[in-house]
Amino acid sequence: AETAAAAPRMPAFDHVPLPYDGPSAAEIARKRAEYLSPSLFHFYSKPLNIVEGKRQYLYDEHGRRYLDAFAGIATVCCGHCHPDVVDAITAQARRLQHSTVLYLNHAIADFAEALASKLPGDLKVVFFTNSGTEANELAILMARLYTGSHDIISLRNSYHGNAAGTMGATAQKNWKFNVVQSGVHHAVNPDPYRGAFGSDAEKYARDVQEIIEFGTTGQVAGFISEAIQGVGGIVEVSPGYLPLAYEKVRKAGGLCIADEVQAGFARVGSHFWGFETHGVVPDIVTMAKGIGNGIPLGAVVTTPEIAQVLTRRCYFNTFGGNPLCTAGGLAVLKVLEKERLQENAFVIGSYLKDRLRGLQEKHEIIGDVRGTGFMLGVELVTDRQLKTPAREEICNAMEHMKDMGVLVGKGGFYGNVFRITPPLCFSKEDADFFVEVMDIALSKL
Ligand code: PLP
């Protein structure tokens, strides 16, 4: 019971999904409609019922296999249900499923040490959280406490989370509610494709300086940015921008926060962290998603000096650093290394990007191909000159791709950008299959 659509053929994969005897998709949809938040949305007109995952593949209740080119929103870095990660979590669950920070436990300490070894400079003190939002909330709080200032600068089109502070830092109307989000200024986005100043890093950085001079007392708490905006549609900030922005923010007394929730953990291929592609060293790094291959885990890493600010009061959360999650996180780091997945993201990601550029020559609807490693974006426009977002077309293309066995994400301010962020074990055959399927889907529009 493999892919129903005739062509092209999905790469061979040696895995037999377990028999499924759970409820039907219709029954799950009914429960979801009745008992889950109405804010939840689906990508597809007929929602998929995903019952199993193995490496870069997902299976529905009929045993149909799909190539997962989204990885649970850039989350599953080692691949679904990687046996080493599963074994680490289950072994830990058998021994001790929960421990609070009131006692010693080696899982949290071991993972903190391993994580710190992946970061440059003095970035070595870890605070575990349960999500990316929570990590960014804490980073913003730390910057405010450390500097004594309140003003945060973030980039337009960014996504940093959806709690009180992070919703303020997030800069897209789609993700904002009309509640108090004080003290955040949004700088002009250094977006080479749609940005006001093209790729001119100096001009974008001047805007940061103007925000400091005209929007604050001249002192700021911090600057938060992604190296590649994920939810914002795989927008790589202009080369040369981050060093300039960091310099201006530091001169104004602020801390620089790198939001690595989506780009971190080897996804960008050339480096382990997105910020490294810009040659900067942040003061605080936040992470989630890839850190746990899909289990609820996030972290803030900072310097011993900055970490001191939290000792002024009690600061703690119940689940952060839970041994199940940290045992899983340690296994993830080992798998990334053992299977050289960063290298794979670089090699296959570069190959995939080249092939997508080839598609751009064939399909007028592709306005831009961008990104690095396994964080790639393909922006669809109905007019290349005007860059008119092809919003409906992308939905239709995604349906066609799903019918041919490929799942991919979408995003961007206009919702017209394919987000290609597969598990880092995605192979050359997968990349070829993906491109063939996208080619056919775009030809059908
Ligand atoms: N920061 C970035 C860059 C993200 O992409 C996301 C989520 O997509 C977040 C923060 C928020 O993370 P979470 O959804 O785990 O709260």
# chains A, B, ... in the order shown; residues from 1 in each chain; ligands from 1

call {"tool": "closest_atom_pairs", "arguments": {"of": "chain A", "to": "ligand 1", "cutoff": "7 Å", "atoms": "only C-alpha atoms and all ligand atoms", "output": "Markdown table"}}
result
| residue | atom | partner | partner_atom_place_in_ligand_line | distance |
| --- | --- | --- | --- | --- |
| A:Ile73 | CA | ligand 1 | 8 (O) | 6.9 |
| A:Ser131 | CA | ligand 1 | 15 (O) | 3.8 |
| A:Gly132 | CA | ligand 1 | 12 (O) | 3.3 |
| A:Thr133 | CA | ligand 1 | 16 (O) | 3.6 |
| A:Glu134 | CA | ligand 1 | 16 (O) | 6.3 |
| A:Asn136 | CA | ligand 1 | 10 (C) | 6.8 |
| A:Tyr159 | CA | ligand 1 | 2 (C) | 5.4 |
| A:His160 | CA | ligand 1 | 1 (N) | 3.8 |
| A:Gly161 | CA | ligand 1 | 11 (C) | 4.0 |
| A:Asn162 | CA | ligand 1 | 16 (O) | 6.9 |
| A:Glu226 | CA | ligand 1 | 3 (C) | 5.9 |
| A:Gln229 | CA | ligand 1 | 3 (C) | 6.5 |
| A:Gly230 | CA | ligand 1 | 5 (O) | 5.4 |
| A:Val231 | CA | ligand 1 | 5 (O) | 5.6 |
| A:Asp259 | CA | ligand 1 | 3 (C) | 5.7 |
| A:Glu260 | CA | ligand 1 | 3 (C) | 6.2 |
| A:Val261 | CA | ligand 1 | 2 (C) | 4.7 |
| A:Gln262 | CA | ligand 1 | 5 (O) | 4.8 |
| A:Ala288 | CA | ligand 1 | 15 (O) | 6.0 |
| A:Lys289 | CA | ligand 1 | 15 (O) | 6.3 |

call {"tool": "residues_around", "arguments": {"residues": "stretch 212-220 of chain A", "least_positions_apart": "2", "cutoff": "6 Å", "atoms": "only C-alpha atoms", "output": "list in words"}}
result
Ser149, Asp151, Gln209, Glu210, Gly222, Ala252, Gly253 and Gly254 of chain A

call {"tool": "residues_around", "arguments": {"residues": "A:Asp430", "least_positions_apart": "4", "cutoff": "12 Å", "atoms": "only C-alpha atoms", "output": "list in words"}}
result
Pro8, Arg9, Met10, Pro11, Ala12, Phe13, Arg55, Gln56, Tyr57, Tyr66, Leu67, Asp68, Ala69, Ile348, Gly349, Tyr351, Leu352, Gly405, Val406, Leu407, Pro422, Pro423, Leu424, Cys425, Phe426, Phe434, Val435, Glu436 and Val437 of chain A

call {"tool": "write_last_selection", "arguments": {"atoms": "N, CA and C atoms", "output": "mmCIF file, in the first residue's frame"}}
result
data_model
loop_
_atom_site.group_PDB
_atom_site.id
_atom_site.type_symbol
_atom_site.label_atom_id
_atom_site.label_comp_id
_atom_site.auth_asym_id
_atom_site.auth_seq_id
_atom_site.Cartn_x
_atom_site.Cartn_y
_atom_site.Cartn_z
ATOM 1 N N PRO A 8 6.216 10.315 -9.920
ATOM 2 C CA PRO A 8 7.374 9.440 -10.092
ATOM 3 C C PRO A 8 7.503 8.442 -8.937
ATOM 4 N N ARG A 9 8.491 7.579 -9.030
ATOM 5 C CA ARG A 9 8.648 6.533 -8.001
ATOM 6 C C ARG A 9 9.443 7.041 -6.816
ATOM 7 N N MET A 10 8.922 6.775 -5.630
ATOM 8 C CA MET A 10 9.612 7.170 -4.402
ATOM 9 C C MET A 10 10.843 6.272 -4.194
ATOM 10 N N PRO A 11 11.938 6.794 -3.661
ATOM 11 C CA PRO A 11 13.103 5.940 -3.408
ATOM 12 C C PRO A 11 12.724 4.736 -2.537
ATOM 13 N N ALA A 12 13.424 3.611 -2.762
ATOM 14 C CA ALA A 12 13.141 2.412 -1.969
ATOM 15 C C ALA A 12 13.485 2.689 -0.504
ATOM 16 N N PHE A 13 12.767 2.035 0.403
ATOM 17 C CA PHE A 13 13.028 2.237 1.831
ATOM 18 C C PHE A 13 12.617 0.970 2.560
ATOM 19 N N ARG A 55 12.612 7.627 10.164
ATOM 20 C CA ARG A 55 13.605 8.496 9.521
ATOM 21 C C ARG A 55 12.931 9.618 8.708
ATOM 22 N N GLN A 56 13.182 9.714 7.403
ATOM 23 C CA GLN A 56 12.623 10.839 6.648
ATOM 24 C C GLN A 56 11.235 10.552 6.080
ATOM 25 N N TYR A 57 10.606 9.490 6.580
ATOM 26 C CA TYR A 57 9.293 9.106 6.043
ATOM 27 C C TYR A 57 8.210 9.082 7.121
ATOM 28 N N TYR A 66 5.021 8.686 2.914
ATOM 29 C CA TYR A 66 5.227 10.062 2.446
ATOM 30 C C TYR A 66 6.650 10.494 2.779
ATOM 31 N N LEU A 67 7.276 11.168 1.843
ATOM 32 C CA LEU A 67 8.577 11.775 2.122
ATOM 33 C C LEU A 67 8.312 13.060 2.887
ATOM 34 N N ASP A 68 8.892 13.169 4.070
ATOM 35 C CA ASP A 68 8.618 14.321 4.932
ATOM 36 C C ASP A 68 9.686 15.389 4.706
ATOM 37 N N ALA A 69 9.365 16.390 3.933
ATOM 38 C CA ALA A 69 10.330 17.461 3.654
ATOM 39 C C ALA A 69 10.111 18.671 4.562
ATOM 40 N N ILE A 348 23.910 17.513 0.584
ATOM 41 C CA ILE A 348 22.635 17.257 -0.106
ATOM 42 C C ILE A 348 21.816 18.544 -0.198
ATOM 43 N N GLY A 349 21.922 19.378 0.848
ATOM 44 C CA GLY A 349 21.212 20.669 0.805
ATOM 45 C C GLY A 349 21.694 21.526 -0.358
ATOM 46 N N TYR A 351 23.096 20.437 -3.106
ATOM 47 C CA TYR A 351 22.644 19.755 -4.330
ATOM 48 C C TYR A 351 21.162 20.076 -4.595
ATOM 49 N N LEU A 352 20.362 19.970 -3.524
ATOM 50 C CA LEU A 352 18.926 20.232 -3.666
ATOM 51 C C LEU A 352 18.684 21.679 -4.099
ATOM 52 N N GLY A 405 2.997 11.868 -2.772
ATOM 53 C CA GLY A 405 3.758 11.296 -1.658
ATOM 54 C C GLY A 405 4.798 12.207 -1.046
ATOM 55 N N VAL A 406 4.672 13.532 -1.237
ATOM 56 C CA VAL A 406 5.650 14.440 -0.641
ATOM 57 C C VAL A 406 4.945 15.477 0.233
ATOM 58 N N LEU A 407 5.424 15.604 1.470
ATOM 59 C CA LEU A 407 4.892 16.620 2.384
ATOM 60 C C LEU A 407 5.928 17.722 2.525
ATOM 61 N N PRO A 422 13.785 19.289 5.687
ATOM 62 C CA PRO A 422 13.598 17.859 5.981
ATOM 63 C C PRO A 422 14.456 17.387 7.157
ATOM 64 N N PRO A 423 14.225 16.163 7.615
ATOM 65 C CA PRO A 423 15.177 15.554 8.551
ATOM 66 C C PRO A 423 16.559 15.560 7.895
ATOM 67 N N LEU A 424 17.605 15.658 8.690
ATOM 68 C CA LEU A 424 18.945 15.846 8.121
ATOM 69 C C LEU A 424 19.500 14.578 7.470
ATOM 70 N N CYS A 425 18.747 13.471 7.547
ATOM 71 C CA CYS A 425 19.171 12.240 6.877
ATOM 72 C C CYS A 425 18.605 12.141 5.459
ATOM 73 N N PHE A 426 17.920 13.144 4.994
ATOM 74 C CA PHE A 426 17.369 13.229 3.625
ATOM 75 C C PHE A 426 18.496 12.909 2.633
ATOM 76 N N PHE A 434 12.022 14.608 -4.651
ATOM 77 C CA PHE A 434 11.334 15.834 -4.244
ATOM 78 C C PHE A 434 11.228 16.803 -5.426
ATOM 79 N N VAL A 435 12.344 16.986 -6.129
ATOM 80 C CA VAL A 435 12.364 17.961 -7.230
ATOM 81 C C VAL A 435 11.458 17.501 -8.378
ATOM 82 N N GLU A 436 11.499 16.202 -8.676
ATOM 83 C CA GLU A 436 10.620 15.678 -9.739
ATOM 84 C C GLU A 436 9.154 15.934 -9.395
ATOM 85 N N VAL A 437 8.818 15.683 -8.124
ATOM 86 C CA VAL A 437 7.431 15.858 -7.693
ATOM 87 C C VAL A 437 7.045 17.342 -7.742
#

call {"tool": "residues_around", "arguments": {"residues": "A:Lys334", "least_positions_apart": "6", "cutoff": "10 Å", "atoms": "only C-alpha atoms", "output": "PyMOL selection string"}}
result
chain A and resi 78+84-85+114+328+340

call {"tool": "closest_residue", "arguments": {"among": "A:His80, A:Gly412, A:Ile420, A:Phe433", "to": "A:Tyr59", "atoms": "only C-alpha atoms"}}
result
A:His80

call {"tool": "residues_around", "arguments": {"residues": "A:Gln342", "least_positions_apart": "6", "cutoff": "7 Å", "atoms": "only C-alpha atoms", "output": "ChimeraX atom specification"}}
result
/A:266-267,269,336

call {"tool": "write_last_selection", "arguments": {"atoms": "C-alpha atoms", "output": "JSON list (two decimals), in the first residue's frame"}}
result
[["chain", "number", "residue", "atom", "x", "y", "z"],
["A", 266, "ALA", "CA", 23.24, 21.48, 12.09],
["A", 267, "ARG", "CA", 20.29, 22.40, 9.89],
["A", 269, "GLY", "CA", 24.80, 22.49, 7.03],
["A", 336, "LEU", "CA", 24.25, 14.04, 14.58]]

call {"tool": "closest_residue", "arguments": {"among": "A:Leu242, A:Val179, A:Ile366, A:Ile291", "to": "A:Lys118", "atoms": "only C-alpha atoms"}}
result
A:Ile291

call {"tool": "closest_residue", "arguments": {"among": "A:Val300, A:Val381, A:Ile306, A:Met398", "to": "A:Leu255", "atoms": "only C-alpha atoms"}}
result
A:Ile306

call {"tool": "residues_around", "arguments": {"residues": "A:Tyr246", "least_positions_apart": "5", "cutoff": "10 Å", "atoms": "only C-alpha atoms", "output": "VMD selection string"}}
result
chain A and resid 205 208 222 to 224 241 251 to 252 254 to 257 280 to 283

call {"tool": "atom_distance", "arguments": {"atom1": "atom CA of A:Thr326", "atom2": "atom CA of A:Lys124"}}
result
16.1 Å

call {"tool": "residues_around", "arguments": {"residues": "A:Pro23", "least_positions_apart": "3", "cutoff": "12 Å", "atoms": "only C-alpha atoms", "output": "list in words"}}
result
Tyr20, Ala26, Glu27, Ile28, Ala29, Arg30, Lys31, Asn49, Ile50, Val51, Glu61 and His62 of chain A
